[in-house]
file entry22.cif (mmCIF, C-alpha atoms (C1' of nucleotides))
data_query
loop_
_atom_site.label_atom_id
_atom_site.label_comp_id
_atom_site.auth_asym_id
_atom_site.auth_seq_id
_atom_site.Cartn_x
_atom_site.Cartn_y
_atom_site.Cartn_z
CA MET A 1 19.74 -50.56 31.50
CA THR A 2 21.72 -50.36 28.29
CA PRO A 3 24.00 -47.36 27.99
CA SER A 4 23.84 -45.51 24.70
CA PRO A 5 26.92 -45.73 22.51
CA ARG A 6 27.76 -42.15 23.40
CA SER A 7 27.41 -42.67 27.12
CA GLY A 8 30.17 -43.75 29.42
CA ALA A 9 29.74 -46.78 31.61
CA ARG A 10 26.99 -46.68 34.17
CA GLY A 11 28.10 -45.08 37.39
CA ASP A 12 31.45 -44.12 36.01
CA LEU A 13 31.49 -40.48 36.99
CA PHE A 14 35.12 -40.37 35.96
CA ASP A 15 34.45 -41.04 32.31
CA PRO A 16 34.26 -37.70 30.47
CA LEU A 17 31.30 -39.12 28.59
CA CYS A 18 29.63 -40.12 31.85
CA PRO A 19 25.91 -39.33 31.86
CA THR A 20 26.08 -37.41 35.10
CA ARG A 21 28.90 -35.22 33.89
CA ARG A 22 27.01 -34.45 30.72
CA LEU A 23 23.74 -33.80 32.53
CA LEU A 24 25.46 -31.42 34.94
CA ASP A 25 27.06 -29.64 32.01
CA ARG A 26 23.57 -29.09 30.65
CA ILE A 27 21.62 -28.06 33.72
CA GLY A 28 24.60 -26.08 34.96
CA THR A 29 24.30 -23.60 32.10
CA LYS A 30 22.79 -20.35 33.14
CA TRP A 31 19.29 -20.48 31.69
CA THR A 32 18.45 -24.15 31.28
CA SER A 33 16.96 -24.85 34.69
CA MET A 34 15.02 -21.63 34.56
CA ALA A 35 13.56 -22.43 31.15
CA VAL A 36 12.57 -25.90 32.29
CA LYS A 37 10.90 -24.52 35.38
CA VAL A 38 8.96 -21.90 33.45
CA LEU A 39 7.86 -24.41 30.84
CA ALA A 40 6.90 -26.87 33.57
CA SER A 41 4.74 -24.23 35.22
CA ALA A 42 2.80 -23.95 31.97
CA ALA A 43 2.64 -27.70 31.26
CA PRO A 44 0.97 -29.35 29.56
CA GLY A 45 0.41 -26.03 27.80
CA GLU A 46 2.83 -24.24 25.53
CA LEU A 47 4.66 -20.92 25.70
CA ARG A 48 5.77 -18.71 22.86
CA PHE A 49 9.28 -17.37 22.52
CA ALA A 50 8.43 -13.84 23.62
CA GLU A 51 6.38 -15.12 26.53
CA LEU A 52 9.28 -17.23 27.70
CA GLN A 53 11.59 -14.27 27.48
CA ARG A 54 9.13 -12.19 29.47
CA ARG A 55 9.05 -14.81 32.20
CA MET A 56 12.83 -15.11 32.32
CA PRO A 57 14.04 -11.67 33.29
CA GLY A 58 17.55 -10.94 32.14
CA VAL A 59 17.83 -13.56 29.44
CA SER A 60 19.06 -12.25 26.11
CA GLN A 61 17.42 -13.26 22.86
CA LYS A 62 20.55 -15.11 21.89
CA MET A 63 20.83 -17.16 25.06
CA LEU A 64 17.13 -17.98 25.14
CA SER A 65 17.44 -19.15 21.56
CA VAL A 66 20.51 -21.24 22.31
CA THR A 67 18.95 -22.70 25.45
CA LEU A 68 15.73 -23.69 23.72
CA ARG A 69 17.59 -25.15 20.76
CA ASN A 70 19.67 -27.31 23.08
CA LEU A 71 16.62 -28.42 25.03
CA ALA A 72 14.84 -29.31 21.80
CA ARG A 73 17.87 -31.18 20.51
CA ASP A 74 17.97 -33.15 23.75
CA GLY A 75 14.31 -34.11 23.42
CA LEU A 76 13.33 -32.21 26.55
CA VAL A 77 11.29 -29.61 24.68
CA VAL A 78 9.13 -29.66 21.58
CA ARG A 79 9.23 -26.72 19.19
CA ARG A 80 6.07 -26.08 17.18
CA VAL A 81 5.98 -23.44 14.45
CA GLU A 82 2.82 -21.84 13.11
CA PRO A 83 3.60 -20.98 9.49
CA THR A 84 2.06 -17.54 9.69
CA VAL A 85 3.59 -14.15 8.96
CA PRO A 86 5.07 -13.26 11.32
CA PRO A 87 5.64 -16.78 12.59
CA ARG A 88 4.49 -17.94 15.99
CA VAL A 89 6.73 -20.48 17.69
CA HIS A 90 5.50 -22.50 20.64
CA TYR A 91 7.48 -24.54 23.13
CA ARG A 92 6.40 -27.22 25.56
CA LEU A 93 8.11 -29.77 27.76
CA THR A 94 8.13 -33.41 26.71
CA ASP A 95 7.53 -36.18 29.24
CA LEU A 96 11.31 -36.46 29.48
CA GLY A 97 11.52 -32.75 30.20
CA LEU A 98 8.87 -33.06 32.87
CA SER A 99 10.77 -35.85 34.55
CA LEU A 100 13.91 -33.72 34.53
CA GLU A 101 11.91 -30.97 36.19
CA GLU A 102 11.29 -33.32 39.10
CA VAL A 103 15.02 -33.67 39.65
CA LEU A 104 15.52 -29.95 39.32
CA ALA A 105 12.75 -29.42 41.85
CA ALA A 106 14.71 -31.59 44.28
CA VAL A 107 17.78 -29.46 43.65
CA ARG A 108 15.74 -26.31 44.27
CA ASP A 109 14.29 -27.74 47.47
CA TRP A 110 17.74 -28.57 48.77
CA ALA A 111 19.06 -25.14 47.82
CA GLU A 112 16.23 -23.28 49.48
CA GLU A 113 16.51 -25.38 52.59
CA HIS A 114 20.28 -25.32 52.99
CA MET A 115 21.73 -22.35 51.15
CA ALA A 116 21.53 -20.24 54.28
CA GLU A 117 23.86 -22.71 56.00
CA ILE A 118 26.29 -22.39 53.13
CA ASP A 119 26.20 -18.62 53.39
CA ALA A 120 26.69 -18.86 57.15
CA SER A 121 29.90 -20.82 56.51
CA GLY A 122 31.58 -17.71 55.24
CA ALA A 123 30.86 -17.91 51.53
CA GLY A 124 31.01 -14.78 49.42
CA MET B 1 12.44 -20.83 56.43
CA THR B 2 14.31 -17.56 56.73
CA PRO B 3 16.47 -16.69 53.75
CA SER B 4 19.99 -15.56 54.54
CA PRO B 5 20.80 -11.94 53.81
CA ARG B 6 22.87 -13.02 50.83
CA SER B 7 20.19 -15.23 49.38
CA GLY B 8 17.48 -14.07 47.05
CA ALA B 9 13.86 -14.60 47.90
CA ARG B 10 12.65 -18.14 48.29
CA GLY B 11 11.55 -19.64 45.02
CA ASP B 12 12.80 -16.70 43.04
CA LEU B 13 14.88 -18.50 40.47
CA PHE B 14 15.14 -15.22 38.61
CA ASP B 15 17.11 -13.44 41.28
CA PRO B 16 20.82 -13.70 40.43
CA LEU B 17 21.39 -14.38 44.12
CA CYS B 18 18.75 -17.12 44.06
CA PRO B 19 19.83 -20.21 46.01
CA THR B 20 19.16 -22.56 43.13
CA ARG B 21 21.21 -20.50 40.71
CA ARG B 22 24.08 -20.41 43.14
CA LEU B 23 23.85 -24.11 43.94
CA LEU B 24 23.83 -25.02 40.26
CA ASP B 25 26.84 -22.78 39.71
CA ARG B 26 28.61 -24.79 42.37
CA ILE B 27 27.68 -28.35 41.47
CA GLY B 28 27.99 -27.53 37.79
CA THR B 29 31.72 -26.97 38.06
CA LYS B 30 33.74 -29.81 36.72
CA TRP B 31 35.07 -31.53 39.83
CA THR B 32 32.67 -30.66 42.61
CA SER B 33 30.17 -33.46 42.20
CA MET B 34 32.96 -35.97 41.75
CA ALA B 35 34.72 -34.82 44.90
CA VAL B 36 31.50 -35.01 46.88
CA LYS B 37 30.80 -38.50 45.60
CA VAL B 38 34.29 -39.75 46.42
CA LEU B 39 34.20 -38.22 49.88
CA ALA B 40 30.72 -39.65 50.45
CA SER B 41 31.98 -43.10 49.54
CA ALA B 42 34.53 -42.79 52.32
CA ALA B 43 32.15 -41.23 54.86
CA PRO B 44 32.22 -40.93 57.76
CA GLY B 45 35.93 -41.49 57.22
CA GLU B 46 38.39 -38.98 55.84
CA LEU B 47 40.54 -38.86 52.74
CA ARG B 48 43.89 -37.17 52.28
CA PHE B 49 44.64 -34.82 49.41
CA ALA B 50 46.73 -37.30 47.45
CA GLU B 51 44.20 -40.05 47.97
CA LEU B 52 41.44 -37.83 46.64
CA GLN B 53 43.52 -36.99 43.61
CA ARG B 54 44.18 -40.69 43.04
CA ARG B 55 40.46 -41.42 43.11
CA MET B 56 39.65 -38.56 40.75
CA PRO B 57 41.47 -39.40 37.55
CA GLY B 58 42.27 -36.37 35.47
CA VAL B 59 41.99 -33.71 38.14
CA SER B 60 44.92 -31.35 38.37
CA GLN B 61 46.45 -30.35 41.68
CA LYS B 62 45.23 -26.85 41.13
CA MET B 63 41.61 -27.73 40.42
CA LEU B 64 41.43 -30.23 43.27
CA SER B 65 42.80 -27.56 45.56
CA VAL B 66 40.31 -24.99 44.32
CA THR B 67 37.42 -27.45 44.51
CA LEU B 68 38.20 -28.51 48.05
CA ARG B 69 38.73 -24.94 49.17
CA ASN B 70 35.32 -23.97 47.82
CA LEU B 71 33.65 -26.99 49.42
CA ALA B 72 35.28 -26.17 52.75
CA ARG B 73 34.29 -22.53 52.48
CA ASP B 74 30.71 -23.62 51.83
CA GLY B 75 30.69 -25.83 54.90
CA LEU B 76 30.27 -29.01 52.86
CA VAL B 77 33.70 -30.36 53.72
CA VAL B 78 35.93 -30.20 56.78
CA ARG B 79 39.67 -29.76 56.34
CA ARG B 80 41.87 -31.18 59.09
CA VAL B 81 45.61 -30.59 59.14
CA GLU B 82 48.09 -32.71 61.00
CA PRO B 83 50.95 -30.34 61.89
CA THR B 84 53.67 -32.79 60.89
CA VAL B 85 56.49 -32.39 58.39
CA PRO B 86 55.47 -32.94 55.71
CA PRO B 87 51.88 -32.02 56.62
CA ARG B 88 49.00 -34.46 56.28
CA VAL B 89 45.69 -32.90 55.33
CA HIS B 90 42.46 -34.81 55.70
CA TYR B 91 39.06 -34.06 54.23
CA ARG B 92 35.63 -35.34 55.15
CA LEU B 93 32.06 -34.43 54.29
CA THR B 94 29.97 -32.55 56.84
CA ASP B 95 26.35 -33.52 57.45
CA LEU B 96 25.47 -30.74 55.04
CA GLY B 97 27.79 -32.27 52.45
CA LEU B 98 26.24 -35.67 52.98
CA SER B 99 22.77 -34.25 52.43
CA LEU B 100 23.96 -32.64 49.20
CA GLU B 101 25.26 -36.01 48.10
CA GLU B 102 21.69 -37.33 48.31
CA VAL B 103 20.55 -34.72 45.82
CA LEU B 104 23.51 -35.45 43.56
CA ALA B 105 22.66 -39.13 43.74
CA ALA B 106 19.19 -38.27 42.45
CA VAL B 107 20.77 -36.35 39.60
CA ARG B 108 23.01 -39.32 38.83
CA ASP B 109 20.07 -41.71 38.90
CA TRP B 110 18.12 -39.55 36.48
CA ALA B 111 21.12 -39.21 34.18
CA GLU B 112 21.82 -42.90 34.09
CA GLU B 113 18.19 -43.69 33.46
CA HIS B 114 17.44 -41.10 30.81
CA MET B 115 20.67 -40.00 29.16
CA ALA B 116 20.23 -42.62 26.46
CA GLU B 117 16.94 -40.98 25.48
CA ILE B 118 18.69 -37.64 25.24
CA ASP B 119 21.35 -39.15 23.02
CA ALA B 120 18.69 -40.78 20.91
CA SER B 121 17.16 -37.35 20.28
CA GLY B 122 20.07 -36.41 18.11
CA ALA B 123 22.41 -34.83 20.61
CA GLY B 124 26.09 -34.54 19.84
"C1'" DC C 1 8.03 -12.25 15.84
"C1'" DA C 2 11.66 -15.12 16.32
"C1'" DG C 3 15.52 -15.82 15.27
"C1'" DC C 4 20.91 -15.88 13.45
"C1'" DA C 5 25.66 -13.64 12.81
"C1'" DT C 6 29.32 -11.05 14.80
"C1'" DC C 7 32.15 -9.09 18.30
"C1'" DC C 8 33.71 -8.88 22.84
"C1'" DT C 9 34.65 -9.95 27.73
"C1'" DA C 10 34.87 -12.88 31.76
"C1'" DT C 11 35.92 -17.13 33.57
"C1'" DG C 12 36.71 -22.21 34.05
"C1'" DC C 13 40.27 -25.01 33.60
"C1'" DG C 14 44.73 -27.29 32.29
"C1'" DA C 15 49.98 -27.08 32.27
"C1'" DT C 16 53.87 -25.83 34.45
"C1'" DA C 17 56.91 -24.17 37.95
"C1'" DC C 18 57.83 -22.97 42.67
"C1'" DT C 19 57.42 -23.42 48.20
"C1'" DG C 20 56.83 -24.35 53.56
"C1'" DC D 1 52.92 -33.71 50.97
"C1'" DA D 2 49.98 -30.29 49.89
"C1'" DG D 3 49.61 -26.77 48.26
"C1'" DT D 4 50.28 -21.50 45.67
"C1'" DA D 5 51.52 -18.54 41.52
"C1'" DT D 6 51.50 -17.67 36.76
"C1'" DC D 7 50.40 -18.36 32.00
"C1'" DG D 8 47.44 -19.47 28.21
"C1'" DC D 9 43.49 -21.53 25.87
"C1'" DA D 10 38.64 -22.65 25.22
"C1'" DT D 11 34.09 -21.44 25.97
"C1'" DA D 12 29.82 -19.35 28.21
"C1'" DG D 13 27.43 -15.65 27.53
"C1'" DG D 14 26.20 -10.46 26.95
"C1'" DA D 15 25.57 -6.51 23.40
"C1'" DT D 16 24.46 -5.20 19.03
"C1'" DG D 17 22.79 -5.42 14.35
"C1'" DC D 18 20.49 -7.88 10.52
"C1'" DT D 19 16.60 -10.90 8.34
"C1'" DG D 20 12.47 -13.87 6.50
#

call {"tool": "encode", "arguments": {"input": "entry22.cif", "output": "structure tokens"}}
result
Amino acid sequence: MTPSPRSGARGDLFDPLCPTRRLLDRIGTKWTSMAVKVLASAAPGELRFAELQRRMPGVSQKMLSVTLRNLARDGLVVRRVEPTVPPRVHYRLTDLGLSLEEVLAAVRDWAEEHMAEIDASGAG
Amino acid sequence: MTPSPRSGARGDLFDPLCPTRRLLDRIGTKWTSMAVKVLASAAPGELRFAELQRRMPGVSQKMLSVTLRNLARDGLVVRRVEPTVPPRVHYRLTDLGLSLEEVLAAVRDWAEEHMAEIDASGAG
DNA sequence: CAGCATCCTATGCGATACTG
DNA sequence: CAGTATCGCATAGGATGCTG
């Protein structure tokens, strides 16, 4: 594959621009993985802003907004606005977003299978 | 599976104690995934502190120390001290750590395959 | 309804200095 | 050698208020 100009060299986890580093920075933020999961559960359908917030207990309007904006900027989510008053805004995962969800599902599976062992090791 | 007392309910990504949330908090920190990868590359052998630092360009003594302490606390890494003067401290991945590396490898694969598309979407 | 702007706090993290 | 202790900065993110 050809790395993008912004990306570090393939496999170079030690480059600050390394894809893995940047991906972890994204999915490591508090609400991203949750938003992707919720949107994936509705795919290929869409969800409106308020509906997303309802399905993501605890998220503030600001952080949901920021999270969705970042996901849209990254091409993982499509934002569709109905020009009504008041406006209705709909979000759905792109194919890229759906493929990310598969990775996140693997992370979830690992966590649910092994987190008890981590706790048993004396974690707080 | 039986969730640990500390863990949230299985599949409940919305519980702050949810395994996935807590795992992402861990692997999302700056040096964790790099340390796991480096240790995995040496598995089943061990690496000393200084050798780890050498293979992780940019990491400070403090952050490597913190990262390794957290990994050891979580049961992902074993710390072995030779009681010499000066001391030699060796680190190796546990089986649990090795299984986490598989998940991280999947994350890396996705990143290296798709990060160019994310960049192409107008990300900064 | 779906946001953006502002303020504030908590925390990750780097730099530096010290120790058994 | 392999840490620990302390300081300071940058940023994630929560609370609140305003707007088209």

call {"tool": "interface_residues", "arguments": {"input": "entry22.cif", "of": "chain B", "to": "chain D", "cutoff": "9 Å", "atoms": "only C-alpha atoms (C1' of nucleotides)", "output": "list in words"}}
result
Phe49, Ala50, Gln61, Lys62, Ser65, Val85, Pro86, Pro87, Arg88 and Val89 of chain B

call {"tool": "residues_near_point", "arguments": {"input": "entry22.cif", "point": "(39.6, -34.7, 43.8)", "cutoff": "10 Å", "atoms": "all atoms listed in the file", "output": "PDB file with C-alpha atoms, in the frame of the given file"}}
result
ATOM      1  CA  TRP B  31      35.070 -31.530  39.830  1.00  0.00           C
ATOM      2  CA  THR B  32      32.670 -30.660  42.610  1.00  0.00           C
ATOM      3  CA  SER B  33      30.170 -33.460  42.200  1.00  0.00           C
ATOM      4  CA  MET B  34      32.960 -35.970  41.750  1.00  0.00           C
ATOM      5  CA  ALA B  35      34.720 -34.820  44.900  1.00  0.00           C
ATOM      6  CA  VAL B  36      31.500 -35.010  46.880  1.00  0.00           C
ATOM      7  CA  LYS B  37      30.800 -38.500  45.600  1.00  0.00           C
ATOM      8  CA  VAL B  38      34.290 -39.750  46.420  1.00  0.00           C
ATOM      9  CA  LEU B  39      34.200 -38.220  49.880  1.00  0.00           C
ATOM     10  CA  LEU B  47      40.540 -38.860  52.740  1.00  0.00           C
ATOM     11  CA  ARG B  48      43.890 -37.170  52.280  1.00  0.00           C
ATOM     12  CA  PHE B  49      44.640 -34.820  49.410  1.00  0.00           C
ATOM     13  CA  ALA B  50      46.730 -37.300  47.450  1.00  0.00           C
ATOM     14  CA  GLU B  51      44.200 -40.050  47.970  1.00  0.00           C
ATOM     15  CA  LEU B  52      41.440 -37.830  46.640  1.00  0.00           C
ATOM     16  CA  GLN B  53      43.520 -36.990  43.610  1.00  0.00           C
ATOM     17  CA  ARG B  54      44.180 -40.690  43.040  1.00  0.00           C
ATOM     18  CA  ARG B  55      40.460 -41.420  43.110  1.00  0.00           C
ATOM     19  CA  MET B  56      39.650 -38.560  40.750  1.00  0.00           C
ATOM     20  CA  PRO B  57      41.470 -39.400  37.550  1.00  0.00           C
ATOM     21  CA  GLY B  58      42.270 -36.370  35.470  1.00  0.00           C
ATOM     22  CA  VAL B  59      41.990 -33.710  38.140  1.00  0.00           C
ATOM     23  CA  SER B  60      44.920 -31.350  38.370  1.00  0.00           C
ATOM     24  CA  GLN B  61      46.450 -30.350  41.680  1.00  0.00           C
ATOM     25  CA  MET B  63      41.610 -27.730  40.420  1.00  0.00           C
ATOM     26  CA  LEU B  64      41.430 -30.230  43.270  1.00  0.00           C
ATOM     27  CA  SER B  65      42.800 -27.560  45.560  1.00  0.00           C
ATOM     28  CA  VAL B  66      40.310 -24.990  44.320  1.00  0.00           C
ATOM     29  CA  THR B  67      37.420 -27.450  44.510  1.00  0.00           C
ATOM     30  CA  LEU B  68      38.200 -28.510  48.050  1.00  0.00           C
TER      31      LEU B  68
END

call {"tool": "resolve_selection", "arguments": {"input": "entry22.cif", "expression": "the PyMOL selection byres ((chain B) within 6 of (chain A))", "output": "MDAnalysis selection string"}}
result
chainID B and resid 4 19:20 24 28 73:75 108 111:112 115:116 118 121 123

call {"tool": "resolve_selection", "arguments": {"input": "entry22.cif", "expression": "the PyMOL selection byres ((chain C) within 12 of (chain B))", "output": "list in words"}}
result
DT11, DG12, DC13, DG14, DA15, DT16 and DG20 of chain C
